[in-house]
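**Q** Contents of run-v5.cif (mmCIF, C-alpha atoms) are below:
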```cif
data_input
loop_
_atom_site.label_atom_id
_atom_site.label_comp_id
_atom_site.auth_asym_id
_atom_site.auth_seq_id
_atom_site.Cartn_x
_atom_site.Cartn_y
_atom_site.Cartn_z
CA MET N 13 85.85 -42.30 -14.66
CA THR N 14 84.94 -38.63 -14.49
CA CYS N 15 81.94 -37.26 -12.65
CA GLU N 16 80.20 -36.53 -15.96
CA GLN N 17 80.79 -40.09 -17.16
CA ALA N 18 79.41 -41.53 -13.92
CA ILE N 19 76.27 -39.40 -14.24
CA ALA N 20 75.81 -40.44 -17.87
CA GLU N 21 76.20 -44.12 -16.97
CA PHE N 22 73.72 -43.81 -14.09
CA ALA N 23 71.21 -42.06 -16.34
CA GLN N 24 71.54 -44.78 -18.98
CA GLN N 25 71.06 -47.58 -16.44
CA HIS N 26 68.25 -46.11 -14.33
CA TRP N 27 66.67 -43.17 -16.14
CA SER N 28 67.24 -43.81 -19.81
CA HIS N 29 64.50 -41.30 -20.66
CA VAL N 30 66.46 -38.48 -18.98
CA PRO N 31 69.27 -36.87 -21.01
CA ALA N 32 72.59 -37.03 -19.20
CA ASP N 33 73.13 -33.27 -19.44
CA VAL N 34 69.72 -32.67 -17.84
CA LEU N 35 70.52 -35.00 -14.95
CA GLU N 36 73.89 -33.32 -14.54
CA GLU N 37 72.22 -29.91 -14.34
CA PHE N 38 69.66 -31.27 -11.86
CA LEU N 39 72.43 -32.55 -9.59
CA ARG N 40 74.41 -29.33 -9.92
CA LEU N 41 71.38 -27.32 -8.83
CA SER N 42 70.81 -29.71 -5.94
CA ASP N 43 74.39 -29.25 -4.75
CA VAL N 44 74.06 -25.46 -4.79
CA VAL N 45 70.66 -25.52 -3.05
CA ILE N 46 71.92 -27.71 -0.22
CA LYS N 47 75.04 -25.61 0.36
CA ASP N 48 73.29 -22.24 0.14
CA LEU N 49 70.22 -23.06 2.23
CA LEU N 50 71.64 -25.33 4.90
CA TYR N 51 74.60 -22.98 5.35
CA VAL N 52 75.17 -19.25 5.39
CA ARG N 53 78.14 -19.02 3.06
CA GLU N 54 79.89 -16.20 4.91
CA LEU N 55 79.61 -17.97 8.25
CA ALA N 56 80.65 -21.34 6.83
CA GLU N 57 83.78 -19.87 5.25
CA ARG N 58 84.94 -18.13 8.41
CA GLN N 59 86.85 -20.00 11.08
CA LEU N 60 85.54 -18.89 14.46
CA TYR N 61 86.78 -20.38 17.71
CA PHE N 62 85.50 -20.35 21.27
CA ARG N 63 87.96 -21.81 23.74
CA ARG N 64 89.20 -25.10 22.22
CA LEU N 65 86.40 -25.60 19.73
CA ARG N 66 85.60 -24.22 16.31
CA LEU N 67 82.06 -22.86 16.12
CA PRO N 68 79.86 -24.93 13.79
CA PRO N 69 79.23 -23.46 10.33
CA GLN N 70 75.50 -24.06 10.74
CA ILE N 71 73.45 -22.67 13.58
CA PHE N 72 69.73 -22.87 12.91
CA VAL N 73 69.43 -26.34 11.33
CA PHE N 74 70.25 -28.88 14.01
CA TRP N 75 70.10 -32.58 13.12
CA ASP N 76 66.38 -33.09 12.44
CA ARG N 77 65.25 -29.66 13.67
CA ILE N 78 64.94 -26.19 12.22
CA MET N 79 65.26 -23.56 14.95
CA ILE N 80 63.62 -20.26 14.06
CA ASP N 81 64.29 -18.33 17.20
CA ASN N 82 64.71 -14.71 18.24
CA THR N 83 67.95 -15.58 20.01
CA VAL N 84 69.34 -17.22 16.88
CA LYS N 85 68.38 -14.09 14.94
CA ARG N 86 70.39 -11.96 17.39
CA VAL N 87 73.39 -14.27 17.23
CA LEU N 88 73.39 -14.26 13.43
CA ALA N 89 73.08 -10.47 13.46
CA TRP N 90 76.55 -10.13 14.93
CA LEU N 91 78.15 -13.19 13.36
CA VAL N 92 77.12 -12.40 9.77
CA ARG N 93 78.57 -9.13 8.56
CA ASP N 94 76.73 -8.78 5.23
CA ARG N 95 73.12 -9.75 5.84
CA GLU N 96 72.00 -8.50 2.43
CA VAL N 97 74.27 -11.04 0.75
CA ALA N 98 72.90 -13.75 3.05
CA LEU N 99 69.35 -12.77 2.10
CA GLN N 100 70.16 -12.89 -1.60
CA GLN N 101 71.86 -16.26 -1.16
CA GLY N 102 68.68 -17.75 0.27
CA ARG N 103 66.47 -16.23 -2.41
CA GLU N 104 68.64 -17.49 -5.24
CA ALA N 105 68.83 -20.95 -3.68
CA ILE N 106 65.05 -21.37 -3.40
CA GLU N 107 64.74 -20.25 -7.03
CA LYS N 108 67.15 -23.04 -7.98
CA MET N 109 64.97 -25.43 -5.96
CA HIS N 110 62.04 -24.43 -8.17
CA GLN N 111 64.19 -25.06 -11.24
CA MET N 112 64.91 -28.56 -9.94
CA SER N 113 61.18 -29.23 -9.54
CA ASP N 114 60.54 -27.99 -13.08
CA LEU N 115 63.25 -30.26 -14.51
CA ALA N 116 61.91 -33.25 -12.58
CA LYS N 117 58.39 -32.65 -13.86
CA ARG N 118 59.45 -31.99 -17.44
CA TYR N 119 61.78 -34.97 -17.84
CA GLY N 120 60.14 -37.48 -15.54
CA ILE N 121 62.85 -37.54 -12.90
CA THR N 122 61.63 -39.46 -9.86
CA ARG N 123 60.13 -36.93 -7.48
CA HIS N 124 60.18 -39.23 -4.46
CA GLY N 125 61.56 -37.09 -1.67
CA LEU N 126 61.85 -34.01 -3.86
CA LYS N 127 58.53 -32.58 -2.69
CA HIS N 128 59.60 -33.02 0.92
CA GLN N 129 62.95 -31.39 0.19
CA ALA N 130 61.25 -28.46 -1.53
CA ALA N 131 58.83 -27.92 1.35
CA THR N 132 61.63 -28.15 3.92
CA PHE N 133 63.85 -25.74 2.05
CA GLU N 134 60.97 -23.32 1.59
CA ILE N 135 60.79 -23.06 5.39
CA ILE N 136 64.56 -22.61 5.62
CA ALA N 137 64.48 -19.90 2.93
CA ALA N 138 61.69 -18.10 4.81
CA SER N 139 63.69 -18.41 8.03
CA CYS N 140 66.57 -16.61 6.29
CA GLU N 141 64.17 -13.77 5.51
CA TYR N 142 63.35 -13.63 9.23
CA PHE N 143 66.96 -13.89 10.40
CA PHE N 144 68.51 -11.38 8.02
CA GLY N 145 65.53 -9.15 7.28
CA PRO N 146 63.50 -6.93 9.62
CA GLY N 147 61.56 -9.91 11.01
CA ASP N 148 58.20 -8.19 10.62
CA ASP N 149 54.74 -9.64 11.23
CA GLU N 150 54.35 -10.68 7.59
CA ILE N 151 57.31 -13.06 7.59
CA LYS N 152 56.33 -14.38 11.02
CA LYS N 153 52.85 -15.23 9.73
CA GLN N 154 54.35 -16.85 6.63
CA LEU N 155 56.60 -19.05 8.76
CA LEU N 156 53.73 -20.16 10.99
CA ASP N 157 51.60 -20.98 7.93
CA LEU N 158 54.45 -22.91 6.29
CA LYS N 159 55.01 -24.91 9.47
CA SER N 160 51.31 -25.77 9.77
CA ARG N 161 51.04 -26.98 6.16
CA TYR N 162 54.33 -28.85 6.44
CA LYS N 163 53.23 -30.86 9.49
CA LYS N 164 49.93 -31.77 7.85
CA ARG N 165 51.52 -32.75 4.56
CA PHE N 166 54.39 -34.97 5.73
CA LYS N 167 54.32 -37.59 8.46
CA ARG N 168 58.10 -37.71 8.73
CA ASN N 169 59.60 -34.28 8.72
CA TYR N 170 61.94 -31.84 10.36
CA SER N 171 60.72 -30.55 13.69
CA VAL N 172 60.22 -26.82 13.11
CA MET N 173 60.72 -24.92 16.36
CA ILE N 174 59.50 -21.32 16.21
CA ASN N 175 59.89 -18.75 18.97
CA PHE N 176 59.62 -15.07 18.11
CA GLU N 177 59.71 -13.95 21.73
CA GLY N 178 62.81 -12.75 23.50
CA LYS N 179 64.32 -9.78 25.19
CA HIS N 180 65.87 -7.13 23.01
CA VAL N 181 69.65 -7.09 23.22
CA HIS N 182 71.56 -4.13 21.85
CA ARG N 183 74.06 -4.96 19.13
CA LEU N 184 76.95 -3.07 20.69
CA PRO N 185 77.20 -5.24 23.85
CA MET N 186 76.75 -8.38 21.75
CA ARG N 187 79.48 -7.35 19.34
CA PHE N 188 81.76 -6.52 22.26
CA ALA N 189 81.07 -9.92 23.84
CA SER N 190 81.65 -11.60 20.49
CA ALA N 191 85.01 -9.88 20.01
CA LEU N 192 85.96 -10.84 23.55
CA MET N 193 84.87 -14.48 23.46
CA VAL N 194 85.27 -15.53 19.84
CA ARG N 195 88.47 -15.45 17.82
CA GLU N 196 89.18 -16.01 14.13
CA LYS N 197 92.51 -17.82 14.53
CA ARG N 198 93.26 -21.17 16.10
CA ARG N 199 96.01 -19.67 18.24
CA TYR N 200 94.95 -18.39 21.67
CA ARG N 201 95.07 -14.68 22.41
CA MET N 202 96.03 -13.27 25.79
CA VAL N 203 92.36 -12.66 26.60
CA ASP N 204 91.63 -16.32 25.86
CA GLN N 205 94.33 -17.46 28.26
CA VAL N 206 92.93 -15.29 31.04
CA LEU N 207 89.18 -15.17 30.44
CA THR N 208 87.83 -17.94 28.23
CA ILE N 209 90.25 -20.65 29.38
CA ARG N 210 90.86 -19.97 33.06
CA ILE N 211 87.94 -17.95 34.38
CA LEU N 212 85.20 -19.62 32.32
CA GLY N 213 86.82 -22.96 33.08
CA MET N 214 85.99 -22.36 36.74
CA LEU N 215 82.30 -22.54 35.82
CA TYR N 216 82.63 -26.14 34.63
CA PRO N 217 81.64 -27.79 37.95
CA VAL N 218 78.53 -25.59 38.19
CA VAL N 219 77.46 -26.17 34.58
CA ARG N 220 78.10 -29.90 34.91
CA ARG N 221 75.82 -30.05 37.94
CA LEU N 222 73.07 -28.04 36.23
CA ARG N 223 73.47 -29.49 32.73
CA HIS N 224 70.04 -31.17 32.81
CA ARG N 225 68.38 -27.80 33.35
CA ILE N 226 70.33 -25.80 30.78
CA GLY N 227 69.15 -25.61 27.19
CA PRO N 228 66.47 -27.56 25.35
CA LYS N 229 66.15 -31.28 25.99
CA PHE N 230 66.93 -32.32 22.41
CA ALA N 231 70.21 -30.37 22.50
CA ARG N 232 71.25 -32.09 25.72
CA GLU N 233 70.50 -35.49 24.22
CA GLN N 234 71.92 -35.04 20.72
CA ALA N 235 74.70 -32.47 21.15
CA MET N 236 77.87 -32.50 23.19
CA GLY N 237 76.43 -30.18 25.85
CA LEU N 238 77.50 -26.90 27.38
CA GLU N 239 79.75 -28.58 29.91
CA VAL N 240 82.00 -29.80 27.07
CA LEU N 241 82.57 -26.20 26.00
CA LEU N 242 83.84 -25.32 29.46
CA LYS N 243 85.72 -28.51 30.31
#
```
Could you quickly redo this structure as structure tokens?
**A**
Amino acid sequence: MTCEQAIAEFAQQHWSHVPADVLEEFLRLSDVVIKDLLYVRELAERQLYFRRLRLPPQIFVFWDRIMIDNTVKRVLAWLVRDREVALQQGREAIEKMHQMSDLAKRYGITRHGLKHQAATFEIIAASCEYFFGPGDDEIKKQLLDLKSRYKKRFKRNYSVMINFEGKHVHRLPMRFASALMVREKRRYRMVDQVLTIRILGMLYPVVRRLRHRIGPKFAREQAMGLEVLLK
């Protein structure tokens, strides 16, 4: 059975009032929206390694949290080479989300969960404007307003963590540190053998002892922890 046949059979059994081609288009849009808003395509397609681990393709959506943070903005500034493309990706994805809502309303597709998805992705799309744009006061206000309405509207939701504060870090030192610490091939370089494996490995006992004080609590509880990176 092909994917198209499976969709047609599902539509006939559960949503007989929805044409199969409409449901197929709805699902296609959903697939694109999820990929292009939960991930930055350029970052997801690159293979970046730090020590023994590959860096995750997603940075600012973490389990049940959306992290809109000045530090994340700085990290993305030197990890993502073409920020204009990343901006356009987010804008096109949220437009497709609106198309999904229009199709659901027009053809009577069950909208249970769709409103929550649309509201969540609207915050993520706005966060992309903050991360890859100038991050001016207008987008900051928009994000705070979206978060406030989101919390009031949905009892169960993503935890939206916003922090616009942070010390300014020049791009040149960050890019230098990135080139030094992060590699694009699985194979170790000489600098990895000396610096990231041996020297940083010496910090493991210290980080292990201080792990309960490093990083946000949710990251310590749900993620593997900084000590794993240095072990």
**Q** For this file, the PyMOL selection byres ((chain N and resi 66-77) around 7) selects which residues, as a list of chain:residue names?
**A**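 Evaluating the PyMOL selection byres ((chain N and resi 66-77) around 7) on these coordinates yields N:Leu50, N:Tyr51, N:Leu55, N:Ala56, N:Gln59, N:Leu60, N:Tyr61, N:Phe62, N:Arg64, N:Leu65, N:Ile78, N:Met79, N:Ile80, N:Val84, N:Tyr170, N:Ser171, N:Val172.
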**Q** Run through the PyMOL selection byres ((chain N and resi 96) around 12) on the given coordinates and return the selected residues as a count of residues only.
**A** 20
**Q** I'd like the residues picked by the PyMOL selection byres ((chain N and resi 43-46) around 12) written out as a VMD selection string, using the chain letters and numbers from the file.
**A** chain N and resid 36 to 42 47 to 53 73 101 to 112 129 to 130 132 to 134 136 to 137
**Q** Between CA of Ile135 (chain N) and CA of Leu155 (chain N), what is the distance, to one decimal in Å?
**A**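 Interatomic distance, CA of Ile135 (chain N) to CA of Leu155 (chain N): 6.7 Å.
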**Q** For CA of Asp148 (chain N) and CA of Lys163 (chain N), determine how far apart the two atoms are, in Å to one decimal place.
**A** 23.2 Å
**Q** Can you measure CA of Arg86 (chain N) to CA of Val203 (chain N) for me? One decimal in Å is fine.
**A**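 CA of Val203 (chain N) lies 23.8 Å from CA of Arg86 (chain N).
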**Q** Considering only C-alpha atoms, tabulate each residue of region 45-151 of chain N that lies at most 12 Å from region 13-26 of chain N along with its nearest interatomic pair and the corresponding distance in Å to one decimal; arrange the rows by chain and ascending residue number and present them as a Markdown table.
**A**
```
| residue | atom | partner | partner_atom | distance |
| --- | --- | --- | --- | --- |
| N:Tyr119 | CA | N:Ala23 | CA | 11.9 |
| N:Gly120 | CA | N:His26 | CA | 11.9 |
| N:Ile121 | CA | N:Ala23 | CA | 10.1 |
| N:Thr122 | CA | N:His26 | CA | 10.4 |
```
**Q** Using the file's own x, y and z axes, what box holds all listed atoms of region 18-35 of chain N with 8 Å on each side, keeping edges along x, y and z, and what are its centre and edge lengths in Å to one decimal, as JSON?
**A**
```
{"center_x": 72.0, "center_y": -40.1, "center_z": -17.5, "size_x": 30.9, "size_y": 30.9, "size_z": 23.1}
```
